[in-house]
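Undergrad: Below you'll find data_33.cif; it's mmCIF, C-alpha atoms.
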```cif
data_structure
#
loop_
_atom_site.group_PDB
_atom_site.id
_atom_site.type_symbol
_atom_site.label_atom_id
_atom_site.label_comp_id
_atom_site.auth_asym_id
_atom_site.auth_seq_id
_atom_site.Cartn_x
_atom_site.Cartn_y
_atom_site.Cartn_z
ATOM 1 C CA MET A 1 32.102 30.767 -54.215
ATOM 2 C CA SER A 2 30.332 27.892 -55.998
ATOM 3 C CA SER A 3 33.347 27.416 -58.260
ATOM 4 C CA ASP A 4 35.532 27.141 -55.166
ATOM 5 C CA LYS A 5 33.141 24.566 -53.716
ATOM 6 C CA ASN A 6 33.425 22.477 -56.871
ATOM 7 C CA ARG A 7 37.202 22.796 -56.800
ATOM 8 C CA ILE A 8 37.333 21.520 -53.205
ATOM 9 C CA VAL A 9 35.015 18.612 -53.998
ATOM 10 C CA ASP A 10 37.228 17.631 -56.937
ATOM 11 C CA PHE A 11 40.315 17.937 -54.709
ATOM 12 C CA ILE A 12 38.829 15.590 -52.086
ATOM 13 C CA ARG A 13 37.901 13.008 -54.711
ATOM 14 C CA ALA A 14 41.322 13.174 -56.335
ATOM 15 C CA LYS A 15 43.268 12.805 -53.082
ATOM 16 C CA THR A 16 41.204 9.947 -51.674
ATOM 17 C CA GLU A 17 41.615 8.075 -54.960
ATOM 18 C CA GLN A 18 45.315 8.918 -55.283
ATOM 19 C CA TYR A 19 46.155 7.497 -51.855
ATOM 20 C CA GLY A 20 43.724 4.584 -51.963
ATOM 21 C CA PHE A 21 41.449 5.662 -49.133
ATOM 22 C CA LYS A 22 38.071 3.931 -48.983
ATOM 23 C CA GLY A 23 36.413 6.872 -47.276
ATOM 24 C CA ALA A 24 36.917 9.700 -44.802
ATOM 25 C CA ILE A 25 36.695 10.290 -41.066
ATOM 26 C CA ILE A 26 36.057 13.764 -39.719
ATOM 27 C CA GLY A 27 35.809 15.071 -36.191
ATOM 28 C CA ILE A 28 32.447 16.794 -35.839
ATOM 29 C CA SER A 29 32.730 19.500 -33.183
ATOM 30 C CA GLY A 30 29.441 21.293 -33.669
ATOM 31 C CA GLY A 31 31.334 24.222 -35.161
ATOM 32 C CA ILE A 32 31.235 25.789 -38.590
ATOM 33 C CA ASP A 33 34.539 24.442 -39.965
ATOM 34 C CA SER A 34 33.749 20.765 -39.419
ATOM 35 C CA ALA A 35 30.177 21.285 -40.667
ATOM 36 C CA VAL A 36 31.425 22.862 -43.909
ATOM 37 C CA VAL A 37 34.102 20.233 -44.477
ATOM 38 C CA GLY A 38 31.620 17.485 -43.642
ATOM 39 C CA LYS A 39 29.227 18.746 -46.315
ATOM 40 C CA LEU A 40 32.038 18.963 -48.876
ATOM 41 C CA LEU A 41 33.021 15.373 -48.033
ATOM 42 C CA VAL A 42 29.468 14.149 -48.519
ATOM 43 C CA ASP A 43 29.256 15.954 -51.871
ATOM 44 C CA ALA A 44 32.589 14.463 -52.929
ATOM 45 C CA LEU A 45 32.337 10.890 -51.656
ATOM 46 C CA GLY A 46 28.731 10.226 -50.747
ATOM 47 C CA ARG A 47 27.405 10.052 -47.173
ATOM 48 C CA GLU A 48 27.996 6.302 -46.923
ATOM 49 C CA ARG A 49 31.773 6.864 -47.201
ATOM 50 C CA VAL A 50 31.939 9.606 -44.561
ATOM 51 C CA PHE A 51 32.082 8.800 -40.846
ATOM 52 C CA GLY A 52 31.822 11.362 -38.068
ATOM 53 C CA LEU A 53 33.498 11.237 -34.683
ATOM 54 C CA LEU A 54 32.141 13.251 -31.777
ATOM 55 C CA LEU A 55 34.925 13.653 -29.228
ATOM 56 C CA PRO A 56 33.733 15.787 -26.297
ATOM 57 C CA GLU A 57 35.390 15.934 -22.884
ATOM 58 C CA ARG A 58 34.666 17.202 -19.394
ATOM 59 C CA ASP A 59 35.203 20.878 -20.199
ATOM 60 C CA SER A 60 33.239 20.913 -23.472
ATOM 61 C CA SER A 61 30.296 23.267 -23.802
ATOM 62 C CA LYS A 62 26.931 21.824 -22.832
ATOM 63 C CA THR A 63 25.771 22.402 -26.416
ATOM 64 C CA THR A 64 28.701 20.629 -28.098
ATOM 65 C CA VAL A 65 27.177 17.165 -28.382
ATOM 66 C CA ALA A 66 23.732 18.422 -29.385
ATOM 67 C CA ASP A 67 25.179 20.716 -32.060
ATOM 68 C CA SER A 68 27.441 17.928 -33.335
ATOM 69 C CA LYS A 69 24.489 15.552 -33.630
ATOM 70 C CA LEU A 70 22.578 18.289 -35.472
ATOM 71 C CA VAL A 71 25.414 18.520 -38.017
ATOM 72 C CA CYS A 72 25.561 14.739 -38.471
ATOM 73 C CA SER A 73 21.798 14.629 -38.968
ATOM 74 C CA TYR A 74 22.010 17.412 -41.545
ATOM 75 C CA LEU A 75 24.814 15.571 -43.349
ATOM 76 C CA GLY A 76 23.053 12.225 -43.097
ATOM 77 C CA ILE A 77 26.228 10.430 -41.995
ATOM 78 C CA ASP A 78 26.893 7.669 -39.484
ATOM 79 C CA TYR A 79 28.804 8.752 -36.415
ATOM 80 C CA ALA A 80 30.120 7.582 -33.074
ATOM 81 C CA LEU A 81 30.241 9.475 -29.785
ATOM 82 C CA LYS A 82 33.538 8.786 -28.028
ATOM 83 C CA SER A 83 34.231 10.947 -24.983
ATOM 84 C CA ILE A 84 37.945 11.500 -24.428
ATOM 85 C CA THR A 85 37.367 12.351 -20.771
ATOM 86 C CA PRO A 86 38.608 8.948 -19.475
ATOM 87 C CA LEU A 87 41.845 9.313 -21.469
ATOM 88 C CA VAL A 88 42.438 12.874 -20.284
ATOM 89 C CA ARG A 89 41.666 11.879 -16.695
ATOM 90 C CA LYS A 90 43.941 8.825 -16.826
ATOM 91 C CA LEU A 91 46.888 11.039 -17.772
ATOM 92 C CA GLY A 92 46.173 13.227 -14.741
ATOM 93 C CA VAL A 93 45.338 16.331 -16.748
ATOM 94 C CA TYR A 94 42.175 17.248 -14.832
ATOM 95 C CA ARG A 95 44.049 17.150 -11.520
ATOM 96 C CA MET A 96 45.825 20.327 -12.654
ATOM 97 C CA LYS A 97 42.581 22.296 -12.098
ATOM 98 C CA PRO A 98 39.888 22.528 -9.404
ATOM 99 C CA PRO A 99 37.230 19.753 -9.650
ATOM 100 C CA ALA A 100 34.706 20.957 -12.249
ATOM 101 C CA ARG A 101 31.728 19.164 -10.700
ATOM 102 C CA LEU A 102 31.927 21.409 -7.625
ATOM 103 C CA PHE A 103 31.289 24.648 -9.531
ATOM 104 C CA PRO A 104 28.519 25.972 -11.825
ATOM 105 C CA ARG A 105 29.476 26.495 -15.477
ATOM 106 C CA LYS A 106 29.503 30.295 -15.112
ATOM 107 C CA ILE A 107 32.091 30.102 -12.340
ATOM 108 C CA GLN A 108 34.174 27.731 -14.468
ATOM 109 C CA GLU A 109 34.072 30.240 -17.337
ATOM 110 C CA ASN A 110 35.080 33.141 -15.089
ATOM 111 C CA TYR A 111 37.931 31.067 -13.686
ATOM 112 C CA ALA A 112 39.220 30.113 -17.169
ATOM 113 C CA ARG A 113 39.162 33.754 -18.295
ATOM 114 C CA SER A 114 40.919 34.934 -15.133
ATOM 115 C CA VAL A 115 43.697 32.384 -15.691
ATOM 116 C CA TRP A 116 44.030 33.535 -19.314
ATOM 117 C CA GLU A 117 44.110 37.225 -18.425
ATOM 118 C CA LYS A 118 46.771 36.873 -15.724
ATOM 119 C CA ASN A 119 49.393 36.815 -18.469
ATOM 120 C CA GLU A 120 50.593 39.729 -20.530
ATOM 121 C CA ASP A 121 49.476 39.010 -24.112
ATOM 122 C CA PRO A 122 48.536 35.366 -23.434
ATOM 123 C CA TYR A 123 47.978 34.472 -27.078
ATOM 124 C CA ILE A 124 51.513 35.471 -28.089
ATOM 125 C CA ASN A 125 52.820 33.497 -25.109
ATOM 126 C CA ASP A 126 50.717 30.579 -26.302
ATOM 127 C CA LEU A 127 52.256 30.680 -29.781
ATOM 128 C CA LYS A 128 55.785 30.791 -28.330
ATOM 129 C CA THR A 129 55.089 28.389 -25.444
ATOM 130 C CA SER A 130 56.441 31.101 -23.179
ATOM 131 C CA GLY A 131 55.141 32.778 -20.027
ATOM 132 C CA GLY A 132 55.695 31.484 -16.514
ATOM 133 C CA ASP A 133 55.517 27.925 -15.219
ATOM 134 C CA ALA A 134 51.849 28.230 -14.303
ATOM 135 C CA TYR A 135 50.948 29.471 -17.779
ATOM 136 C CA ARG A 136 52.853 26.667 -19.491
ATOM 137 C CA LYS A 137 50.936 24.178 -17.378
ATOM 138 C CA ASN A 138 47.745 25.725 -18.760
ATOM 139 C CA LEU A 139 49.050 25.141 -22.289
ATOM 140 C CA ALA A 140 49.790 21.505 -21.506
ATOM 141 C CA TYR A 141 46.326 21.197 -19.962
ATOM 142 C CA TYR A 142 44.362 22.110 -23.063
ATOM 143 C CA ARG A 143 46.759 21.014 -25.808
ATOM 144 C CA THR A 144 46.666 17.426 -24.566
ATOM 145 C CA LYS A 145 42.968 17.256 -25.405
ATOM 146 C CA HIS A 146 43.536 17.976 -29.097
ATOM 147 C CA ARG A 147 46.241 15.319 -29.217
ATOM 148 C CA PHE A 148 43.984 12.672 -27.694
ATOM 149 C CA ARG A 149 41.389 13.549 -30.324
ATOM 150 C CA MET A 150 43.976 13.090 -33.090
ATOM 151 C CA ILE A 151 44.950 9.657 -31.725
ATOM 152 C CA ARG A 152 41.322 8.593 -31.535
ATOM 153 C CA MET A 153 40.641 9.721 -35.092
ATOM 154 C CA TYR A 154 43.611 7.826 -36.521
ATOM 155 C CA PHE A 155 42.684 4.746 -34.492
ATOM 156 C CA GLU A 156 39.224 4.701 -36.076
ATOM 157 C CA ALA A 157 40.445 5.738 -39.539
ATOM 158 C CA GLU A 158 43.184 3.152 -39.918
ATOM 159 C CA LYS A 159 40.816 0.310 -39.013
ATOM 160 C CA ARG A 160 38.676 1.347 -41.985
ATOM 161 C CA ARG A 161 41.425 2.545 -44.344
ATOM 162 C CA TYR A 162 39.813 5.962 -44.228
ATOM 163 C CA ALA A 163 41.517 9.340 -44.538
ATOM 164 C CA VAL A 164 41.599 11.627 -41.510
ATOM 165 C CA ILE A 165 40.211 14.941 -42.694
ATOM 166 C CA GLY A 166 41.422 18.225 -41.222
ATOM 167 C CA THR A 167 39.287 21.329 -40.767
ATOM 168 C CA THR A 168 41.956 24.020 -40.379
ATOM 169 C CA ASN A 169 41.258 27.205 -42.333
ATOM 170 C CA LEU A 170 43.736 29.774 -43.660
ATOM 171 C CA THR A 171 43.152 32.262 -40.841
ATOM 172 C CA GLU A 172 43.949 29.600 -38.258
ATOM 173 C CA HIS A 173 47.042 28.548 -40.181
ATOM 174 C CA LEU A 174 48.386 32.101 -40.533
ATOM 175 C CA THR A 175 47.727 32.963 -36.894
ATOM 176 C CA GLY A 176 48.915 29.652 -35.443
ATOM 177 C CA PHE A 177 45.449 28.847 -34.102
ATOM 178 C CA TYR A 178 46.052 25.104 -34.009
ATOM 179 C CA ILE A 179 47.808 22.537 -31.824
ATOM 180 C CA LYS A 180 51.009 20.820 -32.924
ATOM 181 C CA TRP A 181 50.375 17.072 -33.262
ATOM 182 C CA GLY A 182 46.691 17.782 -32.613
ATOM 183 C CA ASP A 183 44.298 19.423 -35.063
ATOM 184 C CA ASP A 184 47.196 20.110 -37.438
ATOM 185 C CA SER A 185 47.602 16.351 -38.026
ATOM 186 C CA SER A 186 45.522 14.977 -40.885
ATOM 187 C CA ASP A 187 45.708 13.338 -44.315
ATOM 188 C CA ILE A 188 43.718 15.932 -46.252
ATOM 189 C CA GLU A 189 43.071 19.636 -45.487
ATOM 190 C CA PRO A 190 40.253 20.823 -47.780
ATOM 191 C CA ILE A 191 39.757 24.422 -46.559
ATOM 192 C CA MET A 192 43.223 25.618 -45.583
ATOM 193 C CA HIS A 193 43.115 28.106 -48.481
ATOM 194 C CA LEU A 194 39.975 29.824 -47.128
ATOM 195 C CA TYR A 195 39.930 32.644 -44.599
ATOM 196 C CA LYS A 196 37.500 32.150 -41.719
ATOM 197 C CA THR A 197 35.117 34.770 -43.113
ATOM 198 C CA GLU A 198 35.140 32.870 -46.426
ATOM 199 C CA VAL A 199 34.231 29.690 -44.548
ATOM 200 C CA PHE A 200 31.180 31.506 -43.186
ATOM 201 C CA LYS A 201 30.160 32.527 -46.717
ATOM 202 C CA LEU A 202 30.629 28.992 -48.007
ATOM 203 C CA ALA A 203 28.563 27.662 -45.099
ATOM 204 C CA GLU A 204 25.637 29.813 -46.166
ATOM 205 C CA GLU A 205 25.967 28.602 -49.755
ATOM 206 C CA LEU A 206 26.056 24.976 -48.605
ATOM 207 C CA GLY A 207 22.960 25.415 -46.448
ATOM 208 C CA ILE A 208 24.636 24.673 -43.112
ATOM 209 C CA PRO A 209 22.075 24.981 -40.269
ATOM 210 C CA GLY A 210 21.722 28.546 -39.009
ATOM 211 C CA LYS A 211 22.374 27.516 -35.414
ATOM 212 C CA ILE A 212 25.856 26.358 -36.408
ATOM 213 C CA ILE A 213 26.619 29.426 -38.532
ATOM 214 C CA ASN A 214 25.503 31.836 -35.820
ATOM 215 C CA LYS A 215 27.306 30.313 -32.819
ATOM 216 C CA LYS A 216 30.573 31.859 -31.663
ATOM 217 C CA PRO A 217 33.583 29.827 -32.876
ATOM 218 C CA SER A 218 35.434 28.186 -30.001
ATOM 219 C CA PRO A 219 38.240 25.641 -29.561
ATOM 220 C CA ASP A 220 36.005 24.096 -26.861
ATOM 221 C CA VAL A 221 38.849 23.095 -24.551
ATOM 222 C CA ALA A 222 38.347 25.627 -21.735
ATOM 223 C CA PRO A 223 35.019 27.017 -20.471
ATOM 224 C CA GLY A 224 34.143 30.436 -21.871
ATOM 225 C CA ILE A 225 37.190 30.818 -24.142
ATOM 226 C CA THR A 226 36.091 31.618 -27.710
ATOM 227 C CA ASP A 227 38.331 32.063 -30.769
ATOM 228 C CA GLU A 228 37.880 35.824 -30.940
ATOM 229 C CA TYR A 229 38.418 36.210 -27.194
ATOM 230 C CA ALA A 230 41.734 34.356 -27.451
ATOM 231 C CA LEU A 231 42.861 36.190 -30.587
ATOM 232 C CA GLY A 232 41.898 39.581 -29.221
ATOM 233 C CA MET A 233 39.819 40.733 -32.204
ATOM 234 C CA SER A 234 36.923 39.772 -34.439
ATOM 235 C CA TYR A 235 37.436 37.471 -37.419
ATOM 236 C CA GLU A 236 36.059 40.198 -39.676
ATOM 237 C CA ASN A 237 38.787 42.651 -38.661
ATOM 238 C CA LEU A 238 41.468 39.970 -38.487
ATOM 239 C CA ASP A 239 40.813 38.610 -41.983
ATOM 240 C CA ARG A 240 40.591 42.050 -43.555
ATOM 241 C CA ILE A 241 43.953 43.072 -42.122
ATOM 242 C CA LEU A 242 45.544 39.695 -42.865
ATOM 243 C CA LYS A 243 44.593 40.018 -46.525
ATOM 244 C CA LYS A 244 46.050 43.522 -46.766
ATOM 245 C CA ILE A 245 49.300 42.511 -45.123
ATOM 246 C CA ARG A 246 49.708 39.416 -47.298
ATOM 247 C CA THR A 247 49.055 41.354 -50.510
ATOM 248 C CA ASN A 248 51.021 44.457 -49.449
ATOM 249 C CA SER A 249 47.858 46.507 -49.856
ATOM 250 C CA ASP A 250 47.245 49.954 -48.397
ATOM 251 C CA THR A 251 46.277 49.672 -44.717
ATOM 252 C CA ALA A 252 45.148 53.291 -44.448
ATOM 253 C CA GLY A 253 41.931 53.465 -42.503
ATOM 254 C CA GLU A 254 42.771 50.453 -40.344
ATOM 255 C CA ASN A 255 43.348 50.856 -36.623
ATOM 256 C CA ALA A 256 47.108 51.106 -36.063
ATOM 257 C CA ASP A 257 46.959 49.000 -32.900
ATOM 258 C CA ASP A 258 45.057 46.263 -34.755
ATOM 259 C CA ILE A 259 47.635 46.234 -37.559
ATOM 260 C CA GLU A 260 50.463 45.905 -35.061
ATOM 261 C CA ARG A 261 48.561 43.171 -33.235
ATOM 262 C CA VAL A 262 48.116 41.141 -36.424
ATOM 263 C CA ARG A 263 51.778 41.561 -37.351
ATOM 264 C CA GLN A 264 52.822 40.323 -33.909
ATOM 265 C CA ILE A 265 50.559 37.297 -34.242
ATOM 266 C CA ILE A 266 51.898 36.471 -37.711
ATOM 267 C CA SER A 267 55.483 36.708 -36.445
ATOM 268 C CA ALA A 268 54.784 34.482 -33.452
ATOM 269 C CA ALA A 269 52.863 32.030 -35.640
ATOM 270 C CA ASP A 270 55.862 31.829 -37.980
ATOM 271 C CA TYR A 271 57.927 30.858 -34.940
ATOM 272 C CA ARG A 272 55.546 27.953 -34.307
ATOM 273 C CA ASN A 273 55.561 26.900 -37.972
ATOM 274 C CA VAL A 274 59.366 26.934 -38.121
ATOM 275 C CA ARG A 275 59.558 24.703 -35.053
ATOM 276 C CA ASN A 276 57.299 22.232 -36.817
ATOM 277 C CA LEU A 277 59.875 21.994 -39.619
ATOM 278 C CA ASN A 278 62.941 21.744 -37.394
ATOM 279 C CA LEU A 279 64.703 19.122 -39.500
ATOM 280 C CA LEU A 280 68.451 18.547 -39.787
ATOM 281 C CA GLU A 281 68.606 19.474 -43.471
ATOM 282 C CA ASN A 282 67.130 22.878 -42.662
ATOM 283 C CA GLN A 283 69.962 23.811 -40.283
#
```
How does this structure look as structure tokens?

TA:
Amino acid sequence: MSSDKNRIVDFIRAKTEQYGFKGAIIGISGGIDSAVVGKLLVDALGRERVFGLLLPERDSSKTTVADSKLVCSYLGIDYALKSITPLVRKLGVYRMKPPARLFPRKIQENYARSVWEKNEDPYINDLKTSGGDAYRKNLAYYRTKHRFRMIRMYFEAEKRRYAVIGTTNLTEHLTGFYIKWGDDSSDIEPIMHLYKTEVFKLAEELGIPGKIINKKPSPDVAPGITDEYALGMSYENLDRILKKIRTNSDTAGENADDIERVRQIISAADYRNVRNLNLLENQ
């Protein structure tokens, strides 16, 4: 993995120089992907040329800001805390749900899961922006948050002539686990060739704090909704099956339902990717 780390560092240096960026801005979420990419940026550019943005909002986990500050401290980078709550509230997004301040976090989590589970195969519906009117309103509710974060990052980056750095990994790309015009919008994507399980291995090699490595990955836009809960399986199983499908390897020994589930996700994710490239010359 060390050779891959060196290759990524060289890639970051080459791209920032090629496009004339003076440095890099990265959204620090307190999760493993942004921690890994942040460390690779520091190794490539030096901590003085890397700036972190912490962009929590009303529904973020109570540990998000503390974990994000832990990552920034570990990286030794300057950062700014910019809550997007006022922007989300101004658009009227929070009015689509019951007032959060009236309910304990546990009740909020149970409510978010109950809304998710009301739909048949909610993740496939998510990828296709299908389901009923109520479900589509849920999609608009959480997707807007990622888009506000993207706007904030470009606002800060362009003032500095910095590159906006993405943190999408290969598993997320293949399964459509990203938001159009949100976390898919960046200038450089350093880890999009790595499966999520490979990101975990690289994190250990880079010395990322154990608290960050061991926490459950989450998009942090709805209380209690983790990545694996939304996807319907563990990253370990998902990556193993993804690799076999992509390389046409023997899937004997894998759970048949899991294989079918992954194939359905890939197909629906392709639908999302095609929509992103819906240009006239492709018709």

Undergrad: Can you spell out as a list of chain:residue names the set of residues that the PyMOL selection byres ((chain A and resi 116-129) around 9) selects in the structure I just provided?

TA: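 Expected selection for the PyMOL selection byres ((chain A and resi 116-129) around 9) here is A:Tyr111, A:Ala112, A:Arg113, A:Ser114, A:Val115, A:Ser130, A:Gly131, A:Gly132, A:Tyr135, A:Arg136, A:Asn138, A:Leu139, A:Thr175, A:Gly176, A:Phe177, A:Ile225, A:Ala230, A:Leu231, A:Gly232, A:Gln264, A:Ile265, A:Ala268, A:Ala269, A:Tyr271, A:Arg272.
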
Undergrad: Each residue of region 5-123 of chain A lying at most 8 Å from region 199-218 of chain A should get a row with its shortest atom-to-atom pair and the distance in Å to one decimal, counting all atoms listed in the file; could you produce that, ordered by chain and increasing number, as CSV?

TA:
```
residue,atom,partner,partner_atom,distance
A:Lys5,CA,A:Leu202,CA,7.6
A:Gly30,CA,A:Ile212,CA,6.8
A:Gly31,CA,A:Ile212,CA,6.0
A:Ile32,CA,A:Ile212,CA,5.8
A:Asp33,CA,A:Val199,CA,7.0
A:Ala35,CA,A:Ile208,CA,6.9
A:Val36,CA,A:Ala203,CA,5.7
A:Lys39,CA,A:Leu206,CA,7.4
A:Asp67,CA,A:Ile212,CA,7.2
A:Val71,CA,A:Pro209,CA,7.6
A:Tyr74,CA,A:Pro209,CA,7.7
```

Undergrad: Any chance you could work out the residue set of the PyMOL selection byres ((chain A and resi 158-163) around 9) here, as a PyMOL selection string?

TA: chain A and resi 16+19-26+49-51+153-157+164-165+186-188

Undergrad: Could the residues in this selection be saved with C-alpha atoms as a PDB file, in the frame of the given file?

TA:
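Saved file out_37.pdb follows:
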```pdb
ATOM      1  CA  THR A  16      41.204   9.947 -51.674  1.00  0.00           C
ATOM      2  CA  TYR A  19      46.155   7.497 -51.855  1.00  0.00           C
ATOM      3  CA  GLY A  20      43.724   4.584 -51.963  1.00  0.00           C
ATOM      4  CA  PHE A  21      41.449   5.662 -49.133  1.00  0.00           C
ATOM      5  CA  LYS A  22      38.071   3.931 -48.983  1.00  0.00           C
ATOM      6  CA  GLY A  23      36.413   6.872 -47.276  1.00  0.00           C
ATOM      7  CA  ALA A  24      36.917   9.700 -44.802  1.00  0.00           C
ATOM      8  CA  ILE A  25      36.695  10.290 -41.066  1.00  0.00           C
ATOM      9  CA  ILE A  26      36.057  13.764 -39.719  1.00  0.00           C
ATOM     10  CA  ARG A  49      31.773   6.864 -47.201  1.00  0.00           C
ATOM     11  CA  VAL A  50      31.939   9.606 -44.561  1.00  0.00           C
ATOM     12  CA  PHE A  51      32.082   8.800 -40.846  1.00  0.00           C
ATOM     13  CA  MET A 153      40.641   9.721 -35.092  1.00  0.00           C
ATOM     14  CA  TYR A 154      43.611   7.826 -36.521  1.00  0.00           C
ATOM     15  CA  PHE A 155      42.684   4.746 -34.492  1.00  0.00           C
ATOM     16  CA  GLU A 156      39.224   4.701 -36.076  1.00  0.00           C
ATOM     17  CA  ALA A 157      40.445   5.738 -39.539  1.00  0.00           C
ATOM     18  CA  VAL A 164      41.599  11.627 -41.510  1.00  0.00           C
ATOM     19  CA  ILE A 165      40.211  14.941 -42.694  1.00  0.00           C
ATOM     20  CA  SER A 186      45.522  14.977 -40.885  1.00  0.00           C
ATOM     21  CA  ASP A 187      45.708  13.338 -44.315  1.00  0.00           C
ATOM     22  CA  ILE A 188      43.718  15.932 -46.252  1.00  0.00           C
TER      23      ILE A 188
END
```

Undergrad: Pick out the residues sitting within 8 Å of Ser61 (chain A), and hand them over as a list in words; count all atoms listed in the file, and ignore anything fewer than 3 positions along from it in its own chain.

TA: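 Listed by chain and then number, they are Thr64, Asp220 and Pro223 of chain A.
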
Undergrad: Write the residues of the preceding selection, restricted to C-alpha atoms, as a PDB file, in the frame of the given file.

TA:
```
ATOM      1  CA  THR A  64      28.701  20.629 -28.098  1.00  0.00           C
ATOM      2  CA  ASP A 220      36.005  24.096 -26.861  1.00  0.00           C
ATOM      3  CA  PRO A 223      35.019  27.017 -20.471  1.00  0.00           C
TER       4      PRO A 223
END
```

Undergrad: With only C-alpha atoms as the atoms that count, which of A:Arg89, A:Lys243, A:Lys97, A:Lys145 lies nearest to Leu174 (chain A)?

TA: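 Between A:Arg89, A:Lys243, A:Lys97, A:Lys145, the residue approaching Leu174 (chain A) most closely is A:Lys243.
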
Undergrad: Quick check, in Å to one decimal: how far apart do CA of Val93 (chain A) and CA of Thr168 (chain A) lie?

TA: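 These atoms are spaced 25.1 Å apart.
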
Undergrad: Assuming the chain letters and numbering stay as they are in my file, what does the PyMOL selection byres ((chain A and resi 146) around 12) actually select? List them as a PDB file with C-alpha atoms, in the coordinates of the input.

TA:
```pdb
ATOM      1  CA  GLY A  27      35.809  15.071 -36.191  1.00  0.00           C
ATOM      2  CA  SER A  29      32.730  19.500 -33.183  1.00  0.00           C
ATOM      3  CA  LEU A  55      34.925  13.653 -29.228  1.00  0.00           C
ATOM      4  CA  PRO A  56      33.733  15.787 -26.297  1.00  0.00           C
ATOM      5  CA  GLU A  57      35.390  15.934 -22.884  1.00  0.00           C
ATOM      6  CA  ILE A  84      37.945  11.500 -24.428  1.00  0.00           C
ATOM      7  CA  THR A  85      37.367  12.351 -20.771  1.00  0.00           C
ATOM      8  CA  LEU A  87      41.845   9.313 -21.469  1.00  0.00           C
ATOM      9  CA  VAL A  88      42.438  12.874 -20.284  1.00  0.00           C
ATOM     10  CA  LEU A 139      49.050  25.141 -22.289  1.00  0.00           C
ATOM     11  CA  ALA A 140      49.790  21.505 -21.506  1.00  0.00           C
ATOM     12  CA  TYR A 141      46.326  21.197 -19.962  1.00  0.00           C
ATOM     13  CA  TYR A 142      44.362  22.110 -23.063  1.00  0.00           C
ATOM     14  CA  ARG A 143      46.759  21.014 -25.808  1.00  0.00           C
ATOM     15  CA  THR A 144      46.666  17.426 -24.566  1.00  0.00           C
ATOM     16  CA  LYS A 145      42.968  17.256 -25.405  1.00  0.00           C
ATOM     17  CA  ARG A 147      46.241  15.319 -29.217  1.00  0.00           C
ATOM     18  CA  PHE A 148      43.984  12.672 -27.694  1.00  0.00           C
ATOM     19  CA  ARG A 149      41.389  13.549 -30.324  1.00  0.00           C
ATOM     20  CA  MET A 150      43.976  13.090 -33.090  1.00  0.00           C
ATOM     21  CA  ILE A 151      44.950   9.657 -31.725  1.00  0.00           C
ATOM     22  CA  ARG A 152      41.322   8.593 -31.535  1.00  0.00           C
ATOM     23  CA  MET A 153      40.641   9.721 -35.092  1.00  0.00           C
ATOM     24  CA  TYR A 178      46.052  25.104 -34.009  1.00  0.00           C
ATOM     25  CA  ILE A 179      47.808  22.537 -31.824  1.00  0.00           C
ATOM     26  CA  LYS A 180      51.009  20.820 -32.924  1.00  0.00           C
ATOM     27  CA  TRP A 181      50.375  17.072 -33.262  1.00  0.00           C
ATOM     28  CA  GLY A 182      46.691  17.782 -32.613  1.00  0.00           C
ATOM     29  CA  ASP A 183      44.298  19.423 -35.063  1.00  0.00           C
ATOM     30  CA  ASP A 184      47.196  20.110 -37.438  1.00  0.00           C
ATOM     31  CA  SER A 185      47.602  16.351 -38.026  1.00  0.00           C
ATOM     32  CA  PRO A 219      38.240  25.641 -29.561  1.00  0.00           C
ATOM     33  CA  ASP A 220      36.005  24.096 -26.861  1.00  0.00           C
ATOM     34  CA  VAL A 221      38.849  23.095 -24.551  1.00  0.00           C
ATOM     35  CA  ALA A 222      38.347  25.627 -21.735  1.00  0.00           C
TER      36      ALA A 222
END
```

Undergrad: Please indicate the distance in Å from CA of Ser3 (chain A) to CA of Leu45 (chain A), rounded to one decimal place.

TA: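 About the pair CA of Ser3 (chain A) and CA of Leu45 (chain A): they are 17.8 Å apart.
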
Undergrad: How many Å lie between CA of Gln108 (chain A) and CA of Leu53 (chain A), rounded to one decimal?

TA: 26.1 Å

Undergrad: Taking 4 positions as the minimum chain separation for residues in the same chain, which residues sit within 9 Å of Met192 (chain A) when counting only C-alpha atoms? Answer as a PyMOL selection string.

TA: chain A and resi 166-173

Undergrad: Take the residues from that selection and write them out as a short mmCIF file (atom, residue, chain, number, x, y, z; two decimals), in the coordinates of the input, keeping C-alpha atoms.

TA:
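File part01.cif, as written:
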```cif
data_model
loop_
_atom_site.label_atom_id
_atom_site.label_comp_id
_atom_site.auth_asym_id
_atom_site.auth_seq_id
_atom_site.Cartn_x
_atom_site.Cartn_y
_atom_site.Cartn_z
CA GLY A 166 41.42 18.23 -41.22
CA THR A 167 39.29 21.33 -40.77
CA THR A 168 41.96 24.02 -40.38
CA ASN A 169 41.26 27.20 -42.33
CA LEU A 170 43.74 29.77 -43.66
CA THR A 171 43.15 32.26 -40.84
CA GLU A 172 43.95 29.60 -38.26
CA HIS A 173 47.04 28.55 -40.18
#
```

Undergrad: Work out where the centre of an axis-aligned box around every listed atom of region 89-92 of chain A lies and how long its edges are once 6 Å is added on each side; give both in Å to one decimal as AutoDock Vina command-line options.

TA:
```
--center_x 44.3 --center_y 11.0 --center_z -16.3 --size_x 17.2 --size_y 16.4 --size_z 15.0
```

Undergrad: In terms of the shortest atom-to-atom distance over all atoms listed in the file, which of A:Met233, A:Leu242, A:Leu54, A:Ile259 is closest to Leu70 (chain A)?

TA: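 Checking each of A:Met233, A:Leu242, A:Leu54, A:Ile259 against Leu70 (chain A), counting all atoms listed in the file, the winner is A:Leu54.
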
Undergrad: From the set A:Lys196, A:Arg47, A:Arg95, A:Arg240, which residue has the shortest atom-to-atom contact distance to Tyr79 (chain A), counting only C-alpha atoms?

TA: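 The closest residue to Tyr79 (chain A) is A:Arg47.
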
Undergrad: Here is a test: counting all atoms listed in the file, which residue of A:Asp250, A:Glu228, A:Asp133, A:Glu189 is nearest to Ile8 (chain A)?

TA: A:Glu189
